[in-house]
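Structure file target17.cif; described as mmCIF, C-alpha atoms.
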```cif
data_work
loop_
_atom_site.label_atom_id
_atom_site.label_comp_id
_atom_site.auth_asym_id
_atom_site.auth_seq_id
_atom_site.Cartn_x
_atom_site.Cartn_y
_atom_site.Cartn_z
CA MET A 22 53.81 106.05 -215.34
CA ILE A 23 50.28 105.14 -214.21
CA ARG A 24 51.13 101.97 -212.34
CA PRO A 25 52.79 103.54 -209.24
CA ARG A 26 49.65 105.59 -208.61
CA LEU A 27 47.51 102.45 -208.72
CA LEU A 28 49.60 100.13 -206.59
CA PRO A 29 48.47 99.99 -202.95
CA ASP A 30 50.39 101.91 -200.32
CA LEU A 31 51.75 99.24 -197.96
CA SER A 32 53.70 101.60 -195.72
CA PRO A 33 51.09 101.54 -192.91
CA PHE A 34 51.50 97.75 -192.71
CA ARG A 35 55.29 97.94 -192.75
CA ASP A 36 55.22 100.47 -189.92
CA SER A 37 52.57 98.86 -187.68
CA ARG A 38 52.90 95.26 -186.47
CA ASP A 39 49.56 95.50 -184.68
CA LEU A 40 47.83 96.56 -187.90
CA ARG A 41 49.27 93.53 -189.67
CA LEU A 42 48.01 91.23 -186.91
CA VAL A 43 44.49 92.67 -186.77
CA VAL A 44 43.99 92.66 -190.53
CA GLY A 45 45.62 89.23 -190.93
CA GLY A 46 43.39 87.63 -188.30
CA ASP A 47 40.33 89.20 -189.87
CA PHE A 48 41.31 87.81 -193.28
CA VAL A 49 41.62 84.23 -192.03
CA SER A 50 38.36 84.34 -190.08
CA GLY A 51 36.67 85.98 -193.05
CA LEU A 52 37.19 82.85 -195.13
CA GLY A 53 34.98 80.86 -192.76
CA THR A 54 32.43 83.65 -192.46
CA GLN A 55 32.02 83.80 -196.23
CA ALA A 56 31.73 80.01 -196.50
CA THR A 57 28.83 80.17 -194.06
CA LEU A 58 27.18 82.98 -196.03
CA VAL A 59 26.98 80.54 -198.94
CA ALA A 60 26.09 77.47 -196.90
CA LEU A 61 23.17 78.84 -194.88
CA PRO A 62 21.05 80.28 -197.75
CA TYR A 63 21.90 77.22 -199.85
CA GLN A 64 20.79 74.86 -197.08
CA LEU A 65 17.58 76.83 -196.58
CA TYR A 66 16.73 76.81 -200.29
CA VAL A 67 17.49 73.10 -200.75
CA THR A 68 15.38 72.34 -197.66
CA THR A 69 12.40 74.60 -198.40
CA HIS A 70 12.60 75.38 -202.17
CA SER A 71 11.29 78.84 -201.26
CA ALA A 72 12.95 82.09 -202.32
CA PHE A 73 10.80 83.92 -199.77
CA LEU A 74 12.05 81.81 -196.84
CA VAL A 75 15.63 82.34 -197.99
CA GLY A 76 15.04 86.09 -198.06
CA LEU A 77 13.37 85.91 -194.64
CA LEU A 78 16.71 84.92 -193.15
CA GLY A 79 17.69 88.58 -193.46
CA ALA A 80 14.76 89.61 -191.25
CA VAL A 81 15.66 87.02 -188.64
CA GLU A 82 19.30 88.15 -188.56
CA LEU A 83 18.40 91.82 -188.29
CA GLY A 84 17.25 91.81 -184.64
CA PRO A 85 20.38 90.26 -183.08
CA LEU A 86 22.56 92.29 -185.43
CA ILE A 87 21.03 95.61 -184.33
CA ALA A 88 21.02 94.80 -180.62
CA MET A 89 24.54 93.40 -180.42
CA ALA A 90 26.08 96.10 -182.62
CA LEU A 91 24.58 98.98 -180.61
CA VAL A 92 25.37 97.49 -177.20
CA GLY A 93 28.80 96.40 -178.43
CA GLY A 94 29.55 99.89 -179.71
CA ALA A 95 28.78 101.40 -176.30
CA ILE A 96 30.95 98.78 -174.58
CA ALA A 97 33.79 99.32 -177.08
CA ASP A 98 33.95 102.97 -176.02
CA ARG A 99 34.57 102.06 -172.37
CA VAL A 100 36.64 98.80 -172.27
CA ASP A 101 39.73 97.35 -173.93
CA ARG A 102 38.59 96.70 -177.50
CA ARG A 103 41.08 93.86 -177.86
CA ARG A 104 39.52 91.99 -174.94
CA LEU A 105 36.02 92.58 -176.31
CA LEU A 106 37.10 91.09 -179.63
CA VAL A 107 38.47 87.94 -177.98
CA LEU A 108 35.31 87.41 -175.90
CA ASP A 109 33.14 87.87 -178.97
CA GLN A 110 34.84 84.94 -180.69
CA ILE A 111 33.39 82.57 -178.09
CA GLY A 112 29.94 83.40 -179.42
CA VAL A 113 31.00 83.08 -183.05
CA PHE A 114 32.52 79.66 -182.33
CA ALA A 115 29.39 78.46 -180.51
CA MET A 116 26.96 79.52 -183.23
CA ALA A 117 29.02 78.23 -186.17
CA GLY A 118 29.69 75.00 -184.29
CA GLY A 119 25.98 74.67 -183.56
CA LEU A 120 25.15 74.95 -187.26
CA ALA A 121 27.72 72.26 -188.05
CA VAL A 122 26.33 69.89 -185.40
CA ALA A 123 22.75 70.51 -186.55
CA ALA A 124 23.70 69.75 -190.15
CA LEU A 125 25.50 66.56 -189.11
CA ALA A 126 22.42 65.43 -187.20
CA GLY A 127 20.45 65.66 -190.45
CA HIS A 128 17.43 67.75 -191.55
CA PRO A 129 17.48 70.46 -188.85
CA PRO A 130 14.25 72.45 -188.49
CA VAL A 131 14.14 75.80 -190.28
CA VAL A 132 13.53 77.65 -187.02
CA LEU A 133 16.82 76.30 -185.61
CA LEU A 134 18.72 77.46 -188.69
CA TYR A 135 17.14 80.89 -188.32
CA ALA A 136 18.02 81.09 -184.61
CA LEU A 137 21.66 80.07 -184.99
CA GLY A 138 22.09 82.18 -188.12
CA GLY A 139 20.61 85.23 -186.41
CA LEU A 140 22.87 84.96 -183.36
CA LEU A 141 25.89 84.35 -185.58
CA ALA A 142 25.09 87.57 -187.46
CA GLY A 143 24.97 89.42 -184.14
CA PHE A 144 28.36 88.16 -182.99
CA ASN A 145 29.85 88.95 -186.41
CA ALA A 146 28.53 92.51 -186.11
CA LEU A 147 30.16 92.89 -182.71
CA GLN A 148 33.45 91.65 -184.17
CA SER A 149 33.24 94.27 -186.90
CA VAL A 150 32.54 97.04 -184.38
CA ALA A 151 35.54 96.19 -182.21
CA GLN A 152 37.95 95.86 -185.13
CA SER A 153 36.75 99.05 -186.84
CA ALA A 154 37.17 101.06 -183.65
CA MET A 155 40.75 99.81 -183.20
CA ILE A 156 42.26 100.41 -186.63
CA PRO A 157 42.42 104.25 -186.64
CA ASN A 158 44.60 104.10 -183.51
CA LEU A 159 47.12 101.77 -185.17
CA VAL A 160 48.24 104.21 -187.89
CA PRO A 161 48.81 107.97 -188.28
CA ARG A 162 45.78 109.84 -189.52
CA ALA A 163 47.36 110.64 -192.90
CA SER A 164 47.89 106.89 -193.46
CA LEU A 165 44.32 105.89 -192.59
CA ALA A 166 42.95 105.81 -196.16
CA PRO A 167 45.66 103.51 -197.60
CA ALA A 168 45.48 101.27 -194.51
CA LEU A 169 41.72 100.94 -194.88
CA ALA A 170 42.05 100.34 -198.62
CA VAL A 171 44.46 97.43 -198.24
CA GLY A 172 42.49 96.01 -195.32
CA TYR A 173 39.30 96.18 -197.34
CA GLY A 174 41.06 94.55 -200.27
CA LEU A 175 42.09 91.61 -198.10
CA SER A 176 38.58 91.27 -196.66
CA THR A 177 37.14 91.18 -200.16
CA LEU A 178 39.78 88.64 -201.16
CA ALA A 179 38.32 86.50 -198.39
CA MET A 180 34.94 87.10 -200.01
CA VAL A 181 36.35 85.69 -203.27
CA VAL A 182 38.03 82.64 -201.79
CA GLY A 183 35.47 82.01 -199.03
CA PRO A 184 32.36 81.49 -201.20
CA GLY A 185 34.32 79.33 -203.62
CA LEU A 186 35.67 77.35 -200.69
CA GLY A 187 32.15 77.08 -199.33
CA GLY A 188 30.79 75.81 -202.64
CA VAL A 189 33.53 73.18 -202.90
CA LEU A 190 33.08 72.04 -199.31
CA ILE A 191 29.31 71.82 -199.70
CA GLY A 192 29.69 69.76 -202.86
CA LEU A 193 32.26 67.37 -201.33
CA LEU A 194 31.41 67.16 -197.63
CA GLY A 195 28.10 68.94 -197.09
CA VAL A 196 27.17 72.24 -195.48
CA GLN A 197 28.52 71.12 -192.11
CA ALA A 198 32.08 71.43 -193.44
CA ALA A 199 31.53 75.10 -194.34
CA TYR A 200 30.18 75.80 -190.85
CA ALA A 201 33.14 74.00 -189.26
CA ILE A 202 35.60 76.19 -191.19
CA ASN A 203 33.84 79.23 -189.78
CA ALA A 204 34.21 77.95 -186.22
CA ILE A 205 37.89 77.13 -186.70
CA GLY A 206 38.55 80.59 -188.15
CA CYS A 207 37.77 82.14 -184.75
CA LEU A 208 41.12 80.85 -183.50
CA ALA A 209 42.94 83.20 -185.89
CA VAL A 210 41.21 86.26 -184.43
CA VAL A 211 41.87 85.12 -180.86
CA GLY A 212 45.54 84.39 -181.58
CA THR A 213 46.33 87.68 -183.32
CA SER A 214 44.32 89.74 -180.82
CA LEU A 215 46.29 88.36 -177.88
CA LEU A 216 49.54 89.43 -179.57
CA ILE A 217 48.68 93.10 -180.03
CA ALA A 218 48.93 95.89 -177.48
CA PRO A 219 45.88 96.71 -175.33
CA GLN A 220 43.39 98.94 -177.12
CA PRO A 221 41.53 101.03 -174.54
CA PRO A 222 39.41 103.89 -175.91
CA ALA A 223 40.32 107.52 -175.30
CA ALA A 224 39.02 108.77 -171.97
CA ALA A 225 35.78 110.70 -172.39
CA GLY A 226 35.92 112.50 -169.06
CA GLY A 227 32.99 113.13 -166.73
CA GLU A 228 30.69 110.53 -165.19
CA VAL A 229 30.35 107.09 -166.70
CA GLN A 230 27.04 106.80 -168.56
CA GLY A 231 24.75 103.84 -168.60
CA VAL A 232 24.73 101.73 -171.76
CA VAL A 233 21.38 103.08 -172.97
CA ARG A 234 22.42 106.71 -172.49
CA SER A 235 25.75 105.97 -174.13
CA ILE A 236 24.01 104.49 -177.17
CA GLY A 237 21.76 107.54 -177.35
CA GLU A 238 24.76 109.88 -177.26
CA GLY A 239 26.36 107.97 -180.12
CA LEU A 240 23.21 108.11 -182.22
CA ARG A 241 22.88 111.85 -181.62
CA TYR A 242 26.48 112.37 -182.70
CA VAL A 243 25.93 110.47 -185.93
CA ARG A 244 22.69 112.32 -186.64
CA GLY A 245 24.40 115.68 -186.12
CA ASN A 246 27.08 115.09 -188.76
CA ARG A 247 25.38 115.35 -192.14
CA ALA A 248 28.33 114.14 -194.20
CA LEU A 249 28.35 111.05 -192.00
CA VAL A 250 24.59 110.54 -192.33
CA GLY A 251 24.80 111.02 -196.09
CA SER A 252 27.49 108.34 -196.37
CA PHE A 253 25.31 105.93 -194.39
CA ALA A 254 22.18 106.77 -196.36
CA ILE A 255 23.74 106.24 -199.79
CA ASP A 256 25.11 102.86 -198.74
CA LEU A 257 21.69 101.84 -197.43
CA ALA A 258 20.14 102.73 -200.78
CA ALA A 259 22.71 100.60 -202.58
CA MET A 260 22.38 97.61 -200.26
CA ILE A 261 18.62 97.57 -199.71
CA PHE A 262 17.66 97.92 -203.37
CA GLY A 263 20.78 96.90 -205.28
CA MET A 264 22.21 93.91 -203.39
CA PRO A 265 20.41 90.77 -204.65
CA ARG A 266 22.63 88.32 -202.75
CA ALA A 267 19.63 86.42 -201.35
CA LEU A 268 18.76 85.53 -204.93
CA PHE A 269 22.18 84.20 -205.93
CA ALA A 270 21.22 80.66 -204.93
CA VAL A 271 17.84 81.04 -206.69
CA LEU A 272 19.44 82.39 -209.87
CA ALA A 273 22.19 79.76 -209.91
CA VAL A 274 19.87 76.81 -209.28
CA SER A 275 16.65 77.73 -211.09
CA VAL A 276 17.69 80.25 -213.78
CA PHE A 277 21.26 79.37 -214.77
CA HIS A 278 21.09 75.70 -213.67
CA ALA A 279 24.59 75.90 -212.17
CA GLY A 280 23.99 74.39 -208.69
CA ALA A 281 26.14 75.05 -205.62
CA GLY A 282 29.18 75.91 -207.73
CA GLY A 283 27.23 78.59 -209.58
CA THR A 284 25.95 79.98 -206.28
CA GLY A 285 29.50 80.34 -205.02
CA ALA A 286 30.57 81.90 -208.33
CA LEU A 287 27.93 84.64 -208.13
CA TYR A 288 28.89 85.47 -204.54
CA ALA A 289 32.57 85.41 -205.42
CA SER A 290 32.20 87.60 -208.52
CA VAL A 291 31.13 90.63 -206.49
CA ALA A 292 34.05 90.14 -204.13
CA ALA A 293 36.49 89.47 -206.98
CA GLY A 294 35.75 92.85 -208.55
CA ALA A 295 35.96 94.48 -205.13
CA THR A 296 39.33 92.87 -204.40
CA VAL A 297 40.94 93.97 -207.65
CA SER A 298 39.59 97.48 -207.18
CA ALA A 299 40.66 97.76 -203.54
CA LEU A 300 44.18 96.52 -204.29
CA LEU A 301 44.56 99.14 -207.02
CA THR A 302 43.73 102.10 -204.80
CA GLY A 303 47.11 103.77 -204.69
CA TRP A 304 45.37 106.77 -206.19
CA ILE A 305 43.22 107.24 -203.11
CA ARG A 306 46.03 108.81 -201.07
CA HIS A 307 45.92 111.71 -203.55
CA ALA A 308 42.09 112.06 -203.57
CA ARG A 309 40.34 114.80 -201.62
CA ARG A 310 36.68 114.86 -202.70
CA LEU A 311 35.85 111.42 -201.37
CA GLY A 312 32.12 112.16 -201.13
CA LEU A 313 31.84 112.79 -204.87
CA ILE A 314 33.72 109.55 -205.52
CA VAL A 315 31.22 107.68 -203.32
CA ILE A 316 28.27 109.11 -205.26
CA TRP A 317 29.59 108.08 -208.66
CA ALA A 318 30.66 104.67 -207.39
CA VAL A 319 27.13 103.89 -206.17
CA ILE A 320 25.71 104.99 -209.54
CA VAL A 321 27.99 102.46 -211.28
CA TRP A 322 26.92 99.81 -208.73
CA GLY A 323 23.20 100.26 -209.38
CA ALA A 324 23.57 100.30 -213.16
CA ALA A 325 25.72 97.14 -213.19
CA VAL A 326 23.31 95.23 -210.94
CA ALA A 327 20.34 96.16 -213.12
CA ALA A 328 22.23 94.99 -216.21
CA ALA A 329 23.14 91.70 -214.49
CA GLY A 330 19.44 91.00 -214.00
CA LEU A 331 18.82 91.26 -217.75
CA THR A 332 21.51 88.85 -218.95
CA GLY A 333 20.80 85.25 -219.86
CA SER A 334 24.29 83.92 -219.13
CA ILE A 335 25.83 83.20 -215.74
CA VAL A 336 29.21 84.29 -217.13
CA ALA A 337 27.86 87.69 -218.17
CA ALA A 338 26.03 88.05 -214.87
CA ALA A 339 29.21 87.26 -212.97
CA LEU A 340 31.21 89.82 -214.97
CA LEU A 341 28.63 92.54 -214.38
CA LEU A 342 28.52 91.71 -210.68
CA ALA A 343 32.32 92.00 -210.65
CA VAL A 344 31.98 95.54 -212.05
CA ALA A 345 29.43 96.28 -209.34
CA GLY A 346 31.81 94.90 -206.73
CA ALA A 347 34.65 97.08 -207.99
CA ALA A 348 32.48 100.16 -207.65
CA ASP A 349 31.31 99.11 -204.20
CA SER A 350 34.93 98.67 -203.11
CA VAL A 351 35.79 102.24 -204.06
CA SER A 352 32.67 103.45 -202.28
CA ALA A 353 33.41 101.43 -199.13
CA VAL A 354 37.01 102.63 -198.79
CA CYS A 355 36.01 106.26 -199.27
CA ARG A 356 33.02 106.01 -196.93
CA THR A 357 35.07 104.33 -194.21
CA THR A 358 37.77 106.99 -194.51
CA ILE A 359 35.15 109.72 -194.15
CA ASN A 360 33.53 108.03 -191.15
CA GLN A 361 36.75 107.38 -189.27
CA SER A 362 38.18 110.83 -190.05
CA VAL A 363 35.25 112.84 -188.72
CA THR A 364 34.75 110.77 -185.54
CA PRO A 365 36.76 111.28 -182.31
CA ASP A 366 38.14 108.13 -180.69
CA ARG A 367 35.86 108.32 -177.66
CA MET A 368 32.86 107.98 -180.03
CA ARG A 369 34.42 105.57 -182.49
CA GLY A 370 32.93 102.38 -181.06
CA ARG A 371 29.40 103.77 -181.23
CA MET A 372 29.92 105.25 -184.71
CA SER A 373 31.36 101.91 -185.81
CA ALA A 374 28.23 100.24 -184.42
CA VAL A 375 26.02 102.40 -186.62
CA TYR A 376 28.33 101.77 -189.57
CA SER A 377 28.15 98.03 -188.88
CA LEU A 378 24.36 98.23 -188.84
CA VAL A 379 24.42 99.94 -192.21
CA VAL A 380 26.86 97.60 -193.95
CA SER A 381 25.46 94.45 -192.32
CA GLY A 382 21.82 95.37 -191.80
CA GLY A 383 21.33 97.01 -195.20
CA PRO A 384 22.00 93.80 -197.16
CA ARG A 385 19.70 91.85 -194.84
CA ILE A 386 16.86 94.30 -195.43
CA GLY A 387 17.79 93.92 -199.08
CA ASP A 388 17.39 90.16 -198.69
CA ILE A 389 13.81 90.73 -197.54
CA GLU A 390 13.12 93.18 -200.38
CA SER A 391 14.65 91.07 -203.12
CA GLY A 392 13.17 87.83 -201.79
CA SER A 393 9.69 89.32 -201.51
CA VAL A 394 9.78 90.83 -205.01
CA ALA A 395 11.20 87.59 -206.42
CA GLY A 396 8.48 85.57 -204.73
CA ALA A 397 5.81 87.80 -206.27
CA SER A 398 7.21 88.48 -209.74
CA GLY A 399 10.38 86.44 -210.33
CA ALA A 400 14.08 86.71 -209.59
CA ARG A 401 15.03 88.61 -212.74
CA LEU A 402 12.55 91.43 -212.19
CA SER A 403 13.66 91.69 -208.58
CA VAL A 404 17.31 92.22 -209.58
CA VAL A 405 16.56 94.74 -212.35
CA SER A 406 14.07 96.79 -210.33
CA GLY A 407 16.46 96.83 -207.37
CA GLY A 408 19.27 98.31 -209.45
CA LEU A 409 16.99 101.01 -210.84
CA LEU A 410 15.62 101.88 -207.39
CA CYS A 411 19.22 102.22 -206.20
CA LEU A 412 19.84 104.88 -208.87
CA ALA A 413 16.70 106.74 -207.82
CA GLY A 414 17.84 106.58 -204.20
CA VAL A 415 21.20 108.14 -205.08
CA ALA A 416 19.48 111.13 -206.66
CA ALA A 417 17.33 111.65 -203.57
CA ILE A 418 20.27 111.38 -201.14
CA VAL A 419 22.47 113.78 -203.13
CA ALA A 420 19.66 116.34 -202.93
CA ALA A 421 19.03 115.74 -199.22
CA PHE A 422 22.68 115.62 -198.06
CA PRO A 423 24.80 118.00 -200.16
CA GLU A 424 27.44 117.89 -197.39
CA LEU A 425 28.46 114.44 -198.64
CA GLY A 426 29.42 115.79 -202.05
CA ARG A 427 31.29 118.70 -200.46
CA TYR A 428 33.43 116.53 -198.16
CA ASP A 429 37.14 117.40 -198.53
CA THR A 430 39.81 115.23 -196.89
CA GLU A 431 42.20 118.18 -196.66
CA ASP A 432 39.84 119.99 -194.29
CA TRP A 433 39.95 117.14 -191.77
CA LEU A 434 43.72 116.63 -192.00
CA THR A 435 44.23 120.35 -191.34
CA GLU A 436 41.87 120.21 -188.36
CA ALA A 437 43.76 117.22 -186.91
CA GLU A 438 47.11 118.99 -187.29
CA GLN A 439 45.74 122.07 -185.54
CA ALA A 440 44.42 119.94 -182.68
CA VAL A 441 47.83 118.31 -182.22
CA SER A 442 49.64 121.67 -182.22
CA VAL A 443 47.25 123.10 -179.63
CA SER A 444 47.64 120.11 -177.32
#
```
Now, as a test, write the supplied structure out as structure tokens.
Amino acid sequence: MIRPRLLPDLSPFRDSRDLRLVVGGDFVSGLGTQATLVALPYQLYVTTHSAFLVGLLGAVELGPLIAMALVGGAIADRVDRRRLLVLDQIGVFAMAGGLAVAALAGHPPVVLLYALGGLLAGFNALQSVAQSAMIPNLVPRASLAPALAVGYGLSTLAMVVGPGLGGVLIGLLGVQAAYAINAIGCLAVVGTSLLIAPQPPAAAGGEVQGVVRSIGEGLRYVRGNRALVGSFAIDLAAMIFGMPRALFAVLAVSVFHAGAGGTGALYASVAAGATVSALLTGWIRHARRLGLIVIWAVIVWGAAVAAAGLTGSIVAAALLLAVAGAADSVSAVCRTTINQSVTPDRMRGRMSAVYSLVVSGGPRIGDIESGSVAGASGARLSVVSGGLLCLAGVAAIVAAFPELGRYDTEDWLTEAEQAVSVS
């Protein structure tokens, strides 16, 4: 009796060929992206033996990520998003290929790894913006939540397989093999994108704004919607304080003595929990109070991360991180549904840019935070304190943005139906 409510709703994928192509291409390319996310911190730590320098990678990546996401969001609201996605893959291929060539040449300087890694993060952010802006136009509004749930489940499945693949490739062939897989994965996005229908944004009307003014308009829109801001803020609290991914290599190598394989296992455990959770989200099509679900999911995330920092076993740590990943999956699907539901198509590229900054930039700021605390007081204390600070952040955000807890999906579906009937 329970099982049908848990099984994912695949009807949006049966009904939309373009949705299948977009999500399928993203899954294949995600394998290479995740392999690189293991390879680059691992290469930095093996080269420098410094947790701080590994954490500093997040700071280096933040600048290109912010710039390319914001500019890309403005562009995505005025050009064919499919074409933008294809052009972006040229940059991803060049940066991932550059990392592979540098690794093959032997002992690349740290500054080169930072430069290529930072630009790669920027191009990945632009890819996320373009894809996020397209998906709501590929399915009816009532089918958006199940479509996002299954898509997120497949992306987290890539996060399970990708880090494991990265760990195996690093162990057998070196980090250059993981970077090469990332470069090759771009071909999947290009191929599937060329097969779908053009994806121009909805016409905004009026004069065409400059890019800077367009970015400003998007930021003002996001700031004016408090449920939207609350969803961004609670994710930032979770990622900045409660995402110790920069320390996975440190924990695996120096605490659990598990090497590259252990590093991949810790990365994969978060994604494994997220995948199982996302693929059992049949219940979400019946949920209305998505904001409340987000709040409780982030509480579970912070508590599980803090507990993972206290354990002395890599198996226990991996299991707790899987619980955290499951909670984060529920939060992500609900947050994305909220964000896409409240945003009109003409603003969706710019909103997706801000969302990309949150989901991509938050963990990188978290890398700096966790790496700095670990450098000063040890990896374990960094993980535990981060989980506890996440819980404190949730309390503050709930008080500051009560609109998040009051969000009701039924309100937005009713509004959309009224808009259609009027038009």
To verify the selection step, state as a PDB file with C-alpha atoms, keeping the file's coordinate frame which residues the PyMOL selection byres ((chain A and resi 170-180) around 7) yields on this input.
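This is the output file expr07.pdb:
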```
ATOM      1  CA  PRO A  29      48.470  99.990-202.950  1.00  0.00           C
ATOM      2  CA  VAL A  44      43.990  92.660-190.530  1.00  0.00           C
ATOM      3  CA  PHE A  48      41.310  87.810-193.280  1.00  0.00           C
ATOM      4  CA  GLY A  51      36.670  85.980-193.050  1.00  0.00           C
ATOM      5  CA  LEU A  52      37.190  82.850-195.130  1.00  0.00           C
ATOM      6  CA  GLN A  55      32.020  83.800-196.230  1.00  0.00           C
ATOM      7  CA  ALA A 166      42.950 105.810-196.160  1.00  0.00           C
ATOM      8  CA  PRO A 167      45.660 103.510-197.600  1.00  0.00           C
ATOM      9  CA  ALA A 168      45.480 101.270-194.510  1.00  0.00           C
ATOM     10  CA  LEU A 169      41.720 100.940-194.880  1.00  0.00           C
ATOM     11  CA  VAL A 181      36.350  85.690-203.270  1.00  0.00           C
ATOM     12  CA  VAL A 182      38.030  82.640-201.790  1.00  0.00           C
ATOM     13  CA  GLY A 183      35.470  82.010-199.030  1.00  0.00           C
ATOM     14  CA  PRO A 184      32.360  81.490-201.200  1.00  0.00           C
ATOM     15  CA  ALA A 289      32.570  85.410-205.420  1.00  0.00           C
ATOM     16  CA  ALA A 292      34.050  90.140-204.130  1.00  0.00           C
ATOM     17  CA  ALA A 293      36.490  89.470-206.980  1.00  0.00           C
ATOM     18  CA  ALA A 295      35.960  94.480-205.130  1.00  0.00           C
ATOM     19  CA  THR A 296      39.330  92.870-204.400  1.00  0.00           C
ATOM     20  CA  ALA A 299      40.660  97.760-203.540  1.00  0.00           C
ATOM     21  CA  LEU A 300      44.180  96.520-204.290  1.00  0.00           C
ATOM     22  CA  THR A 302      43.730 102.100-204.800  1.00  0.00           C
ATOM     23  CA  VAL A 354      37.010 102.630-198.790  1.00  0.00           C
TER      24      VAL A 354
END
```
Excluding stretch 361-368 of chain A and its own-chain neighbours fewer than 3 positions away, which residues fall within 10 Å of it when counting only C-alpha atoms? Please give them as a CSV table (one decimal) with C-alpha atoms, in the coordinates of the input.
```csv
chain,number,residue,atom,x,y,z
A,94,GLY,CA,29.6,99.9,-179.7
A,95,ALA,CA,28.8,101.4,-176.3
A,97,ALA,CA,33.8,99.3,-177.1
A,98,ASP,CA,34.0,103.0,-176.0
A,99,ARG,CA,34.6,102.1,-172.4
A,153,SER,CA,36.8,99.0,-186.8
A,154,ALA,CA,37.2,101.1,-183.6
A,155,MET,CA,40.8,99.8,-183.2
A,156,ILE,CA,42.3,100.4,-186.6
A,157,PRO,CA,42.4,104.2,-186.6
A,158,ASN,CA,44.6,104.1,-183.5
A,162,ARG,CA,45.8,109.8,-189.5
A,163,ALA,CA,47.4,110.6,-192.9
A,165,LEU,CA,44.3,105.9,-192.6
A,166,ALA,CA,43.0,105.8,-196.2
A,169,LEU,CA,41.7,100.9,-194.9
A,221,PRO,CA,41.5,101.0,-174.5
A,222,PRO,CA,39.4,103.9,-175.9
A,223,ALA,CA,40.3,107.5,-175.3
A,224,ALA,CA,39.0,108.8,-172.0
A,225,ALA,CA,35.8,110.7,-172.4
A,226,GLY,CA,35.9,112.5,-169.1
A,235,SER,CA,25.8,106.0,-174.1
A,236,ILE,CA,24.0,104.5,-177.2
A,238,GLU,CA,24.8,109.9,-177.3
A,239,GLY,CA,26.4,108.0,-180.1
A,240,LEU,CA,23.2,108.1,-182.2
A,242,TYR,CA,26.5,112.4,-182.7
A,243,VAL,CA,25.9,110.5,-185.9
A,246,ASN,CA,27.1,115.1,-188.8
A,248,ALA,CA,28.3,114.1,-194.2
A,249,LEU,CA,28.4,111.0,-192.0
A,356,ARG,CA,33.0,106.0,-196.9
A,357,THR,CA,35.1,104.3,-194.2
A,358,THR,CA,37.8,107.0,-194.5
A,371,ARG,CA,29.4,103.8,-181.2
A,372,MET,CA,29.9,105.2,-184.7
A,373,SER,CA,31.4,101.9,-185.8
A,430,THR,CA,39.8,115.2,-196.9
A,433,TRP,CA,40.0,117.1,-191.8
A,434,LEU,CA,43.7,116.6,-192.0
A,436,GLU,CA,41.9,120.2,-188.4
A,437,ALA,CA,43.8,117.2,-186.9
```
* **Selected residue, from A:Asp349, A:Asp388, A:Asp429, A:Asp30, that lies nearest to A:Phe269 when counting all atoms listed in the file** => A:Asp388
* With distances taken over all atoms listed in the file, which of A:Ala327, A:Ile261, A:Gly206, A:Gly426 is nearest to A:Gly45? -> A:Gly206
Find the residues near A:Val276: any atom within 10 Å, counting all atoms listed in the file, skip ones fewer than 5 places away on the same chain, and give them as a PDB file with C-alpha atoms, in the coordinates of the input.
```pdb
ATOM      1  CA  PHE A 269      22.180  84.200-205.930  1.00  0.00           C
ATOM      2  CA  ALA A 270      21.220  80.660-204.930  1.00  0.00           C
ATOM      3  CA  VAL A 271      17.840  81.040-206.690  1.00  0.00           C
ATOM      4  CA  GLY A 333      20.800  85.250-219.860  1.00  0.00           C
ATOM      5  CA  SER A 334      24.290  83.920-219.130  1.00  0.00           C
ATOM      6  CA  ILE A 335      25.830  83.200-215.740  1.00  0.00           C
ATOM      7  CA  ALA A 400      14.080  86.710-209.590  1.00  0.00           C
ATOM      8  CA  ARG A 401      15.030  88.610-212.740  1.00  0.00           C
TER       9      ARG A 401
END
```
* Asked: Written as JSON, numbers by chain, what is the full residue list that the PyMOL selection byres ((chain A and resi 133-135) around 12) yields on the file shown?
  -> {"A": [57, 60, 61, 62, 63, 64, 65, 66, 68, 69, 74, 75, 76, 77, 78, 79, 80, 81, 82, 83, 84, 85, 116, 117, 119, 120, 121, 122, 123, 124, 128, 129, 130, 131, 132, 136, 137, 138, 139, 140, 141, 142, 200]}
* Structure fact -> Between atom CA of A:Gly282 and atom CA of A:Val326 lies a distance of 20.4 Å
Kindly compute an axis-aligned box around the listed atoms of stretch 31-48 of chain A, allowing 6 Å on each side, and express its centre and edge lengths in Å to one decimal as JSON.
```
{"center_x": 47.8, "center_y": 94.6, "center_z": -191.3, "size_x": 27.0, "size_y": 26.0, "size_z": 25.3}
```
* Picked residues, the PyMOL selection byres ((chain A and resi 112) around 10), expected as a ChimeraX atom specification -> /A:107-111,113-118,140-141,143-145,204,207
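Remark: for A:Leu301, the closest of the candidate residues A:Leu125, A:Ala347, A:Val315, A:Leu425 is A:Ala347 (distances computed over all atoms listed in the file).
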* Asked: Mind pulling up the distance from atom CA of A:Ile87 to atom CA of A:Pro219?
  -> 26.5 Å
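A straight line drawn from atom CA of A:Gly387 to atom CA of A:Arg244 is 22.7 Å long.
Residues in contact with A:Ile205 at up to 8 Å, not including ones fewer than 4 positions away on its chain and judged by all atoms listed in the file, are Ser50, Gly53, Phe114, Ala201 and Ala209 of chain A.
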